[in-house]
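Data block for target-v2.csv (CSV, C-alpha atoms and all ligand atoms):
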chain,number,residue,atom,x,y,z
A,368,MET,CA,27.7,-59.2,-30.0
A,369,ARG,CA,29.8,-60.0,-33.0
A,370,LEU,CA,31.4,-63.4,-33.0
A,371,VAL,CA,33.4,-65.5,-35.5
A,372,LEU,CA,33.5,-69.3,-35.3
A,373,LEU,CA,36.7,-70.9,-36.8
A,374,GLY,CA,37.6,-74.5,-37.0
A,375,LEU,CA,38.3,-77.4,-39.4
A,376,PRO,CA,35.4,-78.5,-41.6
A,377,GLY,CA,33.3,-80.7,-39.4
A,378,ALA,CA,34.5,-79.0,-36.1
A,379,GLY,CA,31.0,-78.1,-35.2
A,380,LYS,CA,30.7,-74.4,-36.3
A,381,GLY,CA,27.2,-74.9,-37.7
A,382,THR,CA,26.0,-77.0,-34.8
A,383,GLN,CA,27.3,-74.5,-32.2
A,384,GLY,CA,26.3,-71.4,-34.3
A,385,GLU,CA,22.7,-72.5,-34.2
A,386,ARG,CA,22.7,-73.1,-30.5
A,387,LEU,CA,24.4,-69.7,-29.7
A,388,ALA,CA,22.0,-67.9,-32.0
A,389,GLU,CA,19.0,-69.4,-30.2
A,390,LYS,CA,20.5,-68.7,-26.7
A,391,TYR,CA,21.6,-65.1,-27.4
A,392,SER,CA,19.0,-64.1,-30.1
A,393,ILE,CA,21.5,-63.0,-32.7
A,394,PRO,CA,21.6,-64.5,-36.2
A,395,HIS,CA,23.9,-67.3,-37.1
A,396,ILE,CA,25.3,-66.6,-40.6
A,397,SER,CA,26.9,-69.6,-42.3
A,398,THR,CA,28.7,-68.5,-45.4
A,399,GLY,CA,28.6,-72.1,-46.7
A,400,SER,CA,24.8,-72.1,-46.4
A,401,LEU,CA,24.6,-68.7,-48.0
A,402,ILE,CA,26.6,-70.0,-51.0
A,403,ARG,CA,24.4,-73.1,-51.2
A,404,SER,CA,21.3,-70.9,-51.3
A,405,VAL,CA,22.9,-68.9,-54.2
A,406,ILE,CA,23.6,-72.2,-56.0
A,407,ASN,CA,20.0,-73.3,-55.5
A,408,SER,CA,18.6,-70.0,-56.7
A,409,GLY,CA,19.4,-70.7,-60.3
A,410,LEU,CA,21.3,-67.4,-60.7
A,411,LYS,CA,24.4,-67.2,-62.9
A,412,LEU,CA,26.4,-66.5,-59.8
A,413,GLY,CA,25.3,-69.9,-58.4
A,414,GLU,CA,26.9,-71.7,-61.4
A,415,ILE,CA,30.1,-69.8,-60.9
A,416,VAL,CA,30.5,-70.5,-57.2
A,417,ASN,CA,29.4,-74.1,-57.5
A,418,ALA,CA,32.5,-74.8,-59.6
A,419,TYR,CA,34.6,-73.9,-56.5
A,420,ILE,CA,32.5,-75.5,-53.7
A,421,ALA,CA,32.1,-78.8,-55.5
A,422,LYS,CA,35.9,-79.3,-55.5
A,423,GLY,CA,36.3,-78.0,-51.9
A,424,ASN,CA,38.1,-74.8,-53.0
A,425,LEU,CA,37.4,-71.4,-51.6
A,426,ILE,CA,35.1,-69.0,-53.4
A,427,PRO,CA,37.1,-65.9,-54.7
A,428,ASP,CA,36.9,-62.9,-52.3
A,429,GLU,CA,35.1,-60.7,-54.9
A,430,TYR,CA,32.0,-63.0,-54.8
A,431,MET,CA,32.3,-63.9,-51.1
A,432,MET,CA,32.5,-60.3,-49.8
A,433,GLU,CA,29.5,-59.3,-51.8
A,434,ILE,CA,27.4,-62.3,-50.6
A,435,LEU,CA,28.4,-61.5,-47.0
A,436,ARG,CA,27.9,-57.8,-47.2
A,437,GLN,CA,24.3,-58.2,-48.5
A,438,ARG,CA,23.5,-60.6,-45.6
A,439,VAL,CA,25.0,-58.4,-42.7
A,440,LEU,CA,23.1,-55.4,-44.0
A,441,ALA,CA,19.8,-57.1,-43.1
A,442,ASP,CA,17.8,-55.7,-40.2
A,443,ASP,CA,18.3,-58.7,-38.0
A,444,CYS,CA,22.0,-58.0,-37.9
A,445,ARG,CA,21.7,-54.7,-36.1
A,446,ASN,CA,22.6,-56.1,-32.7
A,447,GLY,CA,25.3,-58.4,-34.1
A,448,TRP,CA,25.8,-61.8,-35.6
A,449,ILE,CA,27.7,-65.1,-35.4
A,450,LEU,CA,29.8,-65.7,-38.5
A,451,ASP,CA,30.5,-69.4,-39.3
A,452,GLY,CA,32.8,-70.1,-42.2
A,453,PHE,CA,34.0,-66.5,-42.5
A,454,PRO,CA,36.7,-65.2,-42.6
A,455,ARG,CA,38.6,-68.0,-44.3
A,456,THR,CA,41.6,-66.1,-45.3
A,457,VAL,CA,43.7,-63.3,-43.6
A,458,GLN,CA,42.6,-61.1,-46.5
A,459,GLN,CA,38.9,-61.7,-45.6
A,460,ALA,CA,39.6,-61.1,-41.9
A,461,LYS,CA,41.2,-57.7,-42.9
A,462,HIS,CA,38.2,-56.9,-45.1
A,463,LEU,CA,35.9,-57.7,-42.2
A,464,ASP,CA,37.8,-55.4,-39.8
A,465,GLU,CA,37.6,-52.6,-42.4
A,466,MET,CA,33.9,-53.2,-42.8
A,467,LEU,CA,33.4,-53.1,-39.0
A,468,LYS,CA,35.5,-50.0,-38.7
A,469,ARG,CA,33.4,-48.2,-41.3
A,470,ASP,CA,30.3,-49.0,-39.1
A,471,SER,CA,32.2,-47.8,-35.9
A,472,THR,CA,32.1,-51.2,-34.4
A,473,VAL,CA,34.4,-54.1,-33.6
A,474,LEU,CA,34.6,-57.9,-33.6
A,475,ASP,CA,34.0,-59.1,-30.0
A,476,ARG,CA,35.7,-62.5,-30.3
A,477,ALA,CA,36.9,-65.3,-32.6
A,478,PHE,CA,36.4,-68.8,-31.3
A,479,ASP,CA,38.7,-71.6,-32.6
A,480,ILE,CA,36.9,-74.9,-32.2
A,481,ARG,CA,39.7,-77.4,-32.3
A,482,ILE,CA,39.5,-81.0,-33.5
A,483,SER,CA,41.9,-83.4,-35.3
A,484,ALA,CA,41.8,-84.0,-39.0
A,485,GLU,CA,40.8,-87.7,-38.4
A,486,GLU,CA,37.8,-86.6,-36.4
A,487,ALA,CA,36.9,-84.0,-39.0
A,488,VAL,CA,36.7,-86.6,-41.8
A,489,SER,CA,34.7,-89.0,-39.6
A,490,ARG,CA,32.2,-86.2,-38.7
A,491,ILE,CA,31.8,-84.9,-42.2
A,492,THR,CA,31.1,-88.3,-43.8
A,493,ASN,CA,28.6,-89.1,-41.0
A,494,ARG,CA,26.7,-85.8,-41.5
A,495,ARG,CA,23.2,-85.4,-42.9
A,496,VAL,CA,21.4,-82.1,-43.3
A,497,CYS,CA,17.7,-81.2,-43.7
A,498,ARG,CA,17.1,-79.9,-47.2
A,499,SER,CA,14.3,-77.7,-45.9
A,500,CYS,CA,15.4,-76.1,-42.7
A,501,GLY,CA,19.2,-76.9,-42.6
A,502,GLN,CA,19.1,-78.8,-39.3
A,503,ILE,CA,22.3,-80.8,-38.9
A,504,TYR,CA,22.4,-84.5,-37.9
A,505,SER,CA,25.1,-87.1,-37.4
A,506,ILE,CA,24.3,-90.7,-38.1
A,507,GLU,CA,26.7,-91.6,-35.3
A,508,HIS,CA,26.2,-88.9,-32.6
A,509,SER,CA,22.8,-87.2,-33.2
A,510,PRO,CA,20.7,-89.2,-35.6
A,511,GLU,CA,17.2,-88.3,-36.7
A,512,LYS,CA,14.2,-90.1,-35.0
A,513,VAL,CA,12.7,-91.3,-38.3
A,514,LYS,CA,15.2,-92.4,-41.0
A,515,GLY,CA,15.7,-89.7,-43.6
A,516,ILE,CA,13.2,-87.3,-42.1
A,517,CYS,CA,14.0,-84.1,-40.2
A,518,ASP,CA,12.8,-84.1,-36.6
A,519,LYS,CA,12.1,-80.4,-36.7
A,520,CYS,CA,10.2,-79.8,-40.0
A,521,ASN,CA,9.7,-83.3,-41.6
A,522,GLY,CA,11.9,-82.2,-44.5
A,523,PRO,CA,14.1,-84.7,-46.4
A,524,LEU,CA,17.6,-85.2,-45.2
A,525,TYR,CA,20.5,-85.4,-47.6
A,526,GLN,CA,24.3,-85.7,-47.7
A,527,ARG,CA,26.1,-82.6,-49.0
A,528,PRO,CA,27.9,-83.4,-52.3
A,529,ASP,CA,31.2,-82.1,-50.8
A,530,ASP,CA,30.9,-84.4,-47.7
A,531,ASN,CA,32.8,-87.4,-49.2
A,532,VAL,CA,36.2,-88.5,-48.0
A,533,GLU,CA,38.0,-87.2,-51.1
A,534,VAL,CA,36.6,-83.6,-51.1
A,535,ALA,CA,36.7,-83.5,-47.2
A,536,THR,CA,40.4,-84.3,-47.2
A,537,HIS,CA,41.0,-81.5,-49.8
A,538,ARG,CA,38.9,-79.1,-47.7
A,539,ILE,CA,41.0,-79.9,-44.6
A,540,GLN,CA,44.2,-79.2,-46.6
A,541,VAL,CA,42.7,-75.9,-47.9
A,542,TYR,CA,41.8,-75.0,-44.3
A,543,MET,CA,45.4,-75.6,-43.1
A,544,GLU,CA,46.9,-73.6,-45.8
A,545,GLN,CA,44.5,-70.7,-46.1
A,546,THR,CA,42.3,-70.5,-43.0
A,547,HIS,CA,44.7,-71.6,-40.2
A,548,PRO,CA,46.7,-68.3,-40.6
A,549,VAL,CA,43.4,-66.5,-39.6
A,550,VAL,CA,43.7,-68.2,-36.2
A,551,HIS,CA,47.1,-66.5,-35.7
A,552,TYR,CA,45.8,-63.2,-37.0
A,553,TYR,CA,43.2,-63.1,-34.2
A,554,ALA,CA,45.6,-64.5,-31.6
A,555,GLN,CA,48.1,-61.8,-32.4
A,556,THR,CA,45.5,-59.1,-32.0
A,557,GLY,CA,44.2,-60.6,-28.7
A,558,ARG,CA,40.8,-61.6,-30.0
A,559,LEU,CA,41.0,-65.4,-30.0
A,560,THR,CA,39.6,-68.0,-27.6
A,561,SER,CA,40.4,-71.7,-28.3
A,562,ILE,CA,37.7,-74.3,-27.5
A,563,ASN,CA,38.2,-78.1,-27.2
A,564,GLY,CA,35.9,-79.3,-30.0
A,565,GLU,CA,36.5,-83.0,-29.2
A,566,GLN,CA,34.1,-83.1,-26.3
A,567,GLY,CA,30.4,-83.9,-26.8
A,568,ILE,CA,28.2,-81.2,-28.4
A,569,ASP,CA,26.9,-80.1,-24.9
A,570,GLY,CA,30.4,-79.8,-23.5
A,571,VAL,CA,31.5,-77.6,-26.4
A,572,PHE,CA,28.4,-75.5,-26.0
A,573,ALA,CA,29.0,-75.1,-22.2
A,574,ASP,CA,32.6,-73.8,-22.8
A,575,LEU,CA,31.3,-71.4,-25.5
A,576,GLN,CA,28.6,-70.1,-23.1
A,577,VAL,CA,31.1,-69.4,-20.3
A,578,ALA,CA,33.3,-67.4,-22.8
A,579,VAL,CA,30.3,-65.5,-24.3
A,580,ALA,CA,29.0,-64.7,-20.8
A,581,GLU,CA,32.4,-63.2,-19.9
A,582,LEU,CA,32.2,-61.0,-23.0
A,583,TYR,CA,28.7,-59.8,-22.1
A,584,ALA,CA,29.9,-59.0,-18.6
A,585,LYS,CA,32.9,-57.1,-19.9
A,586,LYS,CA,30.7,-55.1,-22.3
A,587,ALA,CA,28.2,-54.3,-19.5
A,588,GLY,CA,31.1,-53.1,-17.4
A,589,GLU,CA,32.4,-50.8,-20.2
A,590,GLU,CA,28.9,-49.3,-20.6
A,591,LEU,CA,28.6,-48.2,-17.0
A,601,LIG,P1,31.0,-74.6,-45.1
A,601,LIG,O1,29.6,-75.0,-45.3
A,601,LIG,O2,31.3,-73.5,-44.2
A,601,LIG,O3,31.8,-75.9,-44.6
A,601,LIG,P2,33.0,-76.1,-43.6
A,601,LIG,O4,33.7,-75.0,-43.1
A,601,LIG,O5,33.8,-77.1,-44.4
A,601,LIG,O6,32.3,-76.6,-42.4
A,601,LIG,P3,31.3,-77.7,-42.2
A,601,LIG,O7,29.9,-77.1,-42.6
A,601,LIG,O8,31.7,-78.9,-43.0
A,601,LIG,O9,31.4,-78.1,-40.7
A,601,LIG,P4,31.0,-77.4,-39.4
A,601,LIG,O10,32.2,-77.0,-38.6
A,601,LIG,O11,29.9,-76.4,-39.6
A,601,LIG,O12,30.4,-78.7,-38.6
A,601,LIG,P5,28.9,-79.1,-38.3
A,601,LIG,O13,28.4,-78.3,-37.1
A,601,LIG,O14,28.1,-79.2,-39.5
A,601,LIG,O15,31.7,-74.3,-46.5
A,601,LIG,C1,31.6,-75.1,-47.6
A,601,LIG,C2,32.3,-74.5,-48.8
A,601,LIG,O16,31.8,-73.2,-49.1
A,601,LIG,C3,33.8,-74.4,-48.6
A,601,LIG,O17,34.5,-75.5,-48.9
A,601,LIG,C4,34.1,-73.2,-49.6
A,601,LIG,O18,34.1,-73.8,-51.0
A,601,LIG,C5,32.9,-72.4,-49.5
A,601,LIG,N1,33.0,-71.2,-48.6
A,601,LIG,C6,32.3,-71.1,-47.4
A,601,LIG,N2,32.7,-70.0,-46.8
A,601,LIG,C7,33.6,-69.4,-47.6
A,601,LIG,C8,34.4,-68.2,-47.5
A,601,LIG,N3,34.3,-67.4,-46.4
A,601,LIG,N4,35.3,-67.9,-48.5
A,601,LIG,C9,35.4,-68.7,-49.6
A,601,LIG,N5,34.7,-69.8,-49.7
A,601,LIG,C10,33.8,-70.2,-48.7
A,601,LIG,O19,29.2,-80.6,-37.7
A,601,LIG,C11,29.7,-81.6,-38.5
A,601,LIG,C12,29.1,-83.0,-38.1
A,601,LIG,O20,29.7,-83.3,-36.8
A,601,LIG,C13,27.6,-83.0,-37.9
A,601,LIG,O21,27.1,-84.2,-38.4
A,601,LIG,C14,27.4,-82.8,-36.4
A,601,LIG,O22,26.2,-83.3,-36.0
A,601,LIG,C15,28.6,-83.4,-35.8
A,601,LIG,N6,29.1,-82.8,-34.6
A,601,LIG,C16,29.2,-81.5,-34.4
A,601,LIG,N7,29.8,-81.3,-33.1
A,601,LIG,C17,30.0,-82.5,-32.6
A,601,LIG,C18,30.6,-83.0,-31.4
A,601,LIG,N8,31.1,-82.1,-30.5
A,601,LIG,N9,30.8,-84.3,-31.3
A,601,LIG,C19,30.4,-85.2,-32.2
A,601,LIG,N10,29.8,-84.8,-33.4
A,601,LIG,C20,29.6,-83.5,-33.6

Would you mind writing the structure in this file as structure tokens?
Ligand code: AP5
Amino acid sequence: MRLVLLGLPGAGKGTQGERLAEKYSIPHISTGSLIRSVINSGLKLGEIVNAYIAKGNLIPDEYMMEILRQRVLADDCRNGWILDGFPRTVQQAKHLDEMLKRDSTVLDRAFDIRISAEEAVSRITNRRVCRSCGQIYSIEHSPEKVKGICDKCNGPLYQRPDDNVEVATHRIQVYMEQTHPVVHYYAQTGRLTSINGEQGIDGVFADLQVAVAELYAKKAGEEL
């Protein structure tokens, strides 16, 4: 199953991507996390991409496509993936379609997790992330049990440098200008499902599960 999660920064793509990955045993690939790993690796490429991410701007396609291509070539992606944070421009969406065509496969569905800009800023500024395992917390909705310590791995929690009001507001603007057209791109090609992201985390996950179950049922029918 090949799925794309779209939605404003803070919509819950990472939260739902992790849950879907666990439920359906396919990898969750967050391009934001991939970029942050490159930045932490100390490579020259890390320095280059950090200049973009720190300001809330998109990484140029030439770097982004290479980072993504290397990840989806990994063995664990043979049966599919859940992309979170990619594609972020119509150009990237077209690149992805071409890449899939070369592999004689297709994108099964793009999900647009919809929340308001006000909710996005509130969620982003309340987010904390585990530096070791990447587990996502919200100081308002899903706090850790022991302050500053990850429930899963005991790693330290931190606030992403781009999770302040100023950069978050810019990221939302960038999303509306550059990523929102991707929603139309998938809608026009009949590959989009909208999900109400302003429910609780379990409610969003329930809606996604219903939609993914339908996709599996359709695929099974086609294979008969
Ligand atoms: P990235 O890391 O992808 O950030 P983003 O898209 O801005 O998305 P977020 O990670 O902020 O939010 P999310 O939707 O995953 O929400 P989450 O589940 O964490 O990208 C960062 C940067 O990398 C970009 O600005 C860009 O520079 C660069 N980049 C990445 N991909 C790129 C690409 N393809 N091309 C070029 N550049 C690229 O949830 C947020 C919070 O809300 C959490 O605290 C969570 O607990 C809480 N929460 C989640 N769901 C709910 C709910 N239903 N109710 C209440 N709280 C909730």

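Our summary of the geometry notes that atom CA of Ala418 of chain A is positioned 25.7 Å from atom CA of Thr382 of chain A.
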
Worksheet item: How would you write, as a PyMOL selection string, the set of residues no farther than 6 Å from ligand LIG 601 (chain A) when counting only C-alpha atoms and all ligand atoms?
Response: chain A and resi 376-382+398-400+419-420+423-426+431+452-455+490-491+493-494+503-505+508-509+538+564-568

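Once only C-alpha atoms are considered, the residues situated within 8 Å of the file point (29.4, -83.6, -47.5) turn out to be Ile491, Thr492, Arg494, Arg495, Gln526, Arg527, Pro528, Asp529, Asp530, Asn531 and Ala535 of chain A.
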
Residues just named, written with C-alpha atoms as a CSV table (one decimal), in the frame of the given file:
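To be explicit, this is the file written out as selection-v6.csv:
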chain,number,residue,atom,x,y,z
A,491,ILE,CA,31.8,-84.9,-42.2
A,492,THR,CA,31.1,-88.3,-43.8
A,494,ARG,CA,26.7,-85.8,-41.5
A,495,ARG,CA,23.2,-85.4,-42.9
A,526,GLN,CA,24.3,-85.7,-47.7
A,527,ARG,CA,26.1,-82.6,-49.0
A,528,PRO,CA,27.9,-83.4,-52.3
A,529,ASP,CA,31.2,-82.1,-50.8
A,530,ASP,CA,30.9,-84.4,-47.7
A,531,ASN,CA,32.8,-87.4,-49.2
A,535,ALA,CA,36.7,-83.5,-47.2

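Between atom CA of Leu412 of chain A and atom CA of Ile434 of chain A the interatomic distance comes to 10.2 Å.
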
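Between Glu465 of chain A and the candidates A:Leu370, A:Met432, A:Ile539, A:Val571, the tightest atom-to-atom separation, counting all atoms listed in the file, involves A:Met432.
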
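The space between atom CA of Tyr430 of chain A and atom CA of Leu387 of chain A spans 27.1 Å.
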
Practice prompt. Please provide the set of residues having any atom within 10 Å of Gly522 of chain A, restricted to all atoms listed in the file, with same-chain residues fewer than 2 positions apart removed, written as a count of residues only.
Written response: 15

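The residue that comes closest to Gly570 of chain A, out of A:Asp464, A:Glu485, A:Ala584, A:Gln383 and on the basis of all atoms listed in the file, is A:Gln383.
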
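In this comparison, which uses all atoms listed in the file, the residue of A:Leu435, A:Val534, A:Ala441, A:Ala573 approaching Arg386 of chain A most closely is A:Ala573.
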
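Taking only C-alpha atoms, the non-local environment of Arg438 of chain A within 12 Å (same-chain residues fewer than 3 positions away omitted) comprises Pro394, His395, Ile396, Ser397, Thr398, Ser400, Leu401, Ile402, Ser404, Val405, Met431, Met432, Glu433, Ile434, Leu435, Ala441, Asp442, Asp443, Cys444, Arg445, Gly447, Trp448, Ile449 and Leu450 of chain A.
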
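If all atoms listed in the file are the atoms counted, then among A:Val416, A:Ala477, A:Val549, A:Val488 the closest residue to Leu582 of chain A is A:Ala477.
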
Kindly output segment 469-480 of chain A as a CSV table (one decimal), in the frame of the given file, after building all heavy atoms.
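out.csv written:
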chain,number,residue,atom,x,y,z
A,469,ARG,N,34.2,-49.1,-40.6
A,469,ARG,CA,33.4,-48.2,-41.3
A,469,ARG,C,32.1,-48.0,-40.5
A,469,ARG,O,31.4,-46.9,-40.5
A,469,ARG,CB,33.1,-48.7,-42.7
A,469,ARG,CG,34.2,-48.3,-43.7
A,469,ARG,CD,33.7,-48.4,-45.1
A,469,ARG,NE,33.2,-49.7,-45.5
A,469,ARG,CZ,34.0,-50.7,-46.0
A,469,ARG,NH1,35.3,-50.5,-46.1
A,469,ARG,NH2,33.5,-51.8,-46.3
A,470,ASP,N,31.6,-49.1,-39.8
A,470,ASP,CA,30.3,-49.0,-39.1
A,470,ASP,C,30.6,-48.6,-37.6
A,470,ASP,O,29.7,-48.8,-36.8
A,470,ASP,CB,29.7,-50.4,-39.1
A,470,ASP,CG,29.1,-50.7,-40.5
A,470,ASP,OD1,29.0,-49.8,-41.3
A,470,ASP,OD2,28.8,-51.9,-40.7
A,471,SER,N,31.8,-48.2,-37.3
A,471,SER,CA,32.2,-47.8,-35.9
A,471,SER,C,31.9,-48.9,-34.9
A,471,SER,O,31.4,-48.6,-33.8
A,471,SER,CB,31.5,-46.5,-35.5
A,471,SER,OG,31.7,-45.5,-36.4
A,472,THR,N,32.2,-50.1,-35.3
A,472,THR,CA,32.1,-51.2,-34.4
A,472,THR,C,33.3,-52.2,-34.4
A,472,THR,O,34.2,-51.9,-35.2
A,472,THR,CB,30.7,-51.9,-34.6
A,472,THR,OG1,30.5,-52.9,-33.6
A,472,THR,CG2,30.6,-52.6,-36.0
A,473,VAL,N,33.2,-53.2,-33.6
A,473,VAL,CA,34.4,-54.1,-33.6
A,473,VAL,C,33.9,-55.6,-33.5
A,473,VAL,O,32.8,-55.8,-33.1
A,473,VAL,CB,35.3,-53.8,-32.4
A,473,VAL,CG1,36.1,-52.5,-32.5
A,473,VAL,CG2,34.6,-53.9,-31.1
A,474,LEU,N,34.8,-56.5,-33.8
A,474,LEU,CA,34.6,-57.9,-33.6
A,474,LEU,C,34.8,-58.2,-32.1
A,474,LEU,O,35.8,-57.8,-31.5
A,474,LEU,CB,35.6,-58.7,-34.4
A,474,LEU,CG,35.5,-60.2,-34.2
A,474,LEU,CD1,34.2,-60.8,-34.9
A,474,LEU,CD2,36.7,-60.9,-34.8
A,475,ASP,N,33.9,-58.8,-31.4
A,475,ASP,CA,34.0,-59.1,-30.0
A,475,ASP,C,35.0,-60.3,-29.7
A,475,ASP,O,35.7,-60.2,-28.8
A,475,ASP,CB,32.7,-59.3,-29.3
A,475,ASP,CG,31.8,-58.1,-29.3
A,475,ASP,OD1,32.2,-57.2,-28.6
A,475,ASP,OD2,30.9,-58.0,-30.1
A,476,ARG,N,34.9,-61.3,-30.5
A,476,ARG,CA,35.7,-62.5,-30.3
A,476,ARG,C,35.7,-63.5,-31.4
A,476,ARG,O,34.7,-63.6,-32.1
A,476,ARG,CB,35.2,-63.2,-29.0
A,476,ARG,CG,36.2,-64.0,-28.3
A,476,ARG,CD,37.1,-63.1,-27.5
A,476,ARG,NE,38.3,-63.8,-27.0
A,476,ARG,CZ,39.4,-63.2,-26.6
A,476,ARG,NH1,39.5,-61.9,-26.6
A,476,ARG,NH2,40.4,-63.9,-26.2
A,477,ALA,N,36.8,-64.1,-31.6
A,477,ALA,CA,36.9,-65.3,-32.6
A,477,ALA,C,37.1,-66.5,-31.7
A,477,ALA,O,38.0,-66.5,-30.9
A,477,ALA,CB,38.0,-65.1,-33.6
A,478,PHE,N,36.3,-67.6,-32.0
A,478,PHE,CA,36.4,-68.8,-31.3
A,478,PHE,C,37.0,-69.9,-32.2
A,478,PHE,O,36.5,-70.1,-33.3
A,478,PHE,CB,35.1,-69.3,-30.7
A,478,PHE,CG,34.6,-68.5,-29.6
A,478,PHE,CD1,33.5,-67.6,-29.9
A,478,PHE,CD2,35.1,-68.5,-28.4
A,478,PHE,CE1,33.0,-66.8,-28.8
A,478,PHE,CE2,34.7,-67.7,-27.4
A,478,PHE,CZ,33.6,-66.9,-27.6
A,479,ASP,N,38.1,-70.5,-31.8
A,479,ASP,CA,38.7,-71.6,-32.6
A,479,ASP,C,38.3,-72.9,-32.0
A,479,ASP,O,38.8,-73.3,-30.9
A,479,ASP,CB,40.2,-71.4,-32.6
A,479,ASP,CG,40.9,-72.5,-33.4
A,479,ASP,OD1,40.3,-73.0,-34.3
A,479,ASP,OD2,42.1,-72.8,-33.1
A,480,ILE,N,37.3,-73.6,-32.7
A,480,ILE,CA,36.9,-74.9,-32.2
A,480,ILE,C,37.8,-76.0,-32.7
A,480,ILE,O,37.9,-76.2,-33.9
A,480,ILE,CB,35.4,-75.2,-32.6
A,480,ILE,CG1,34.5,-74.0,-32.2
A,480,ILE,CG2,34.9,-76.5,-32.1
A,480,ILE,CD1,33.1,-74.1,-32.6
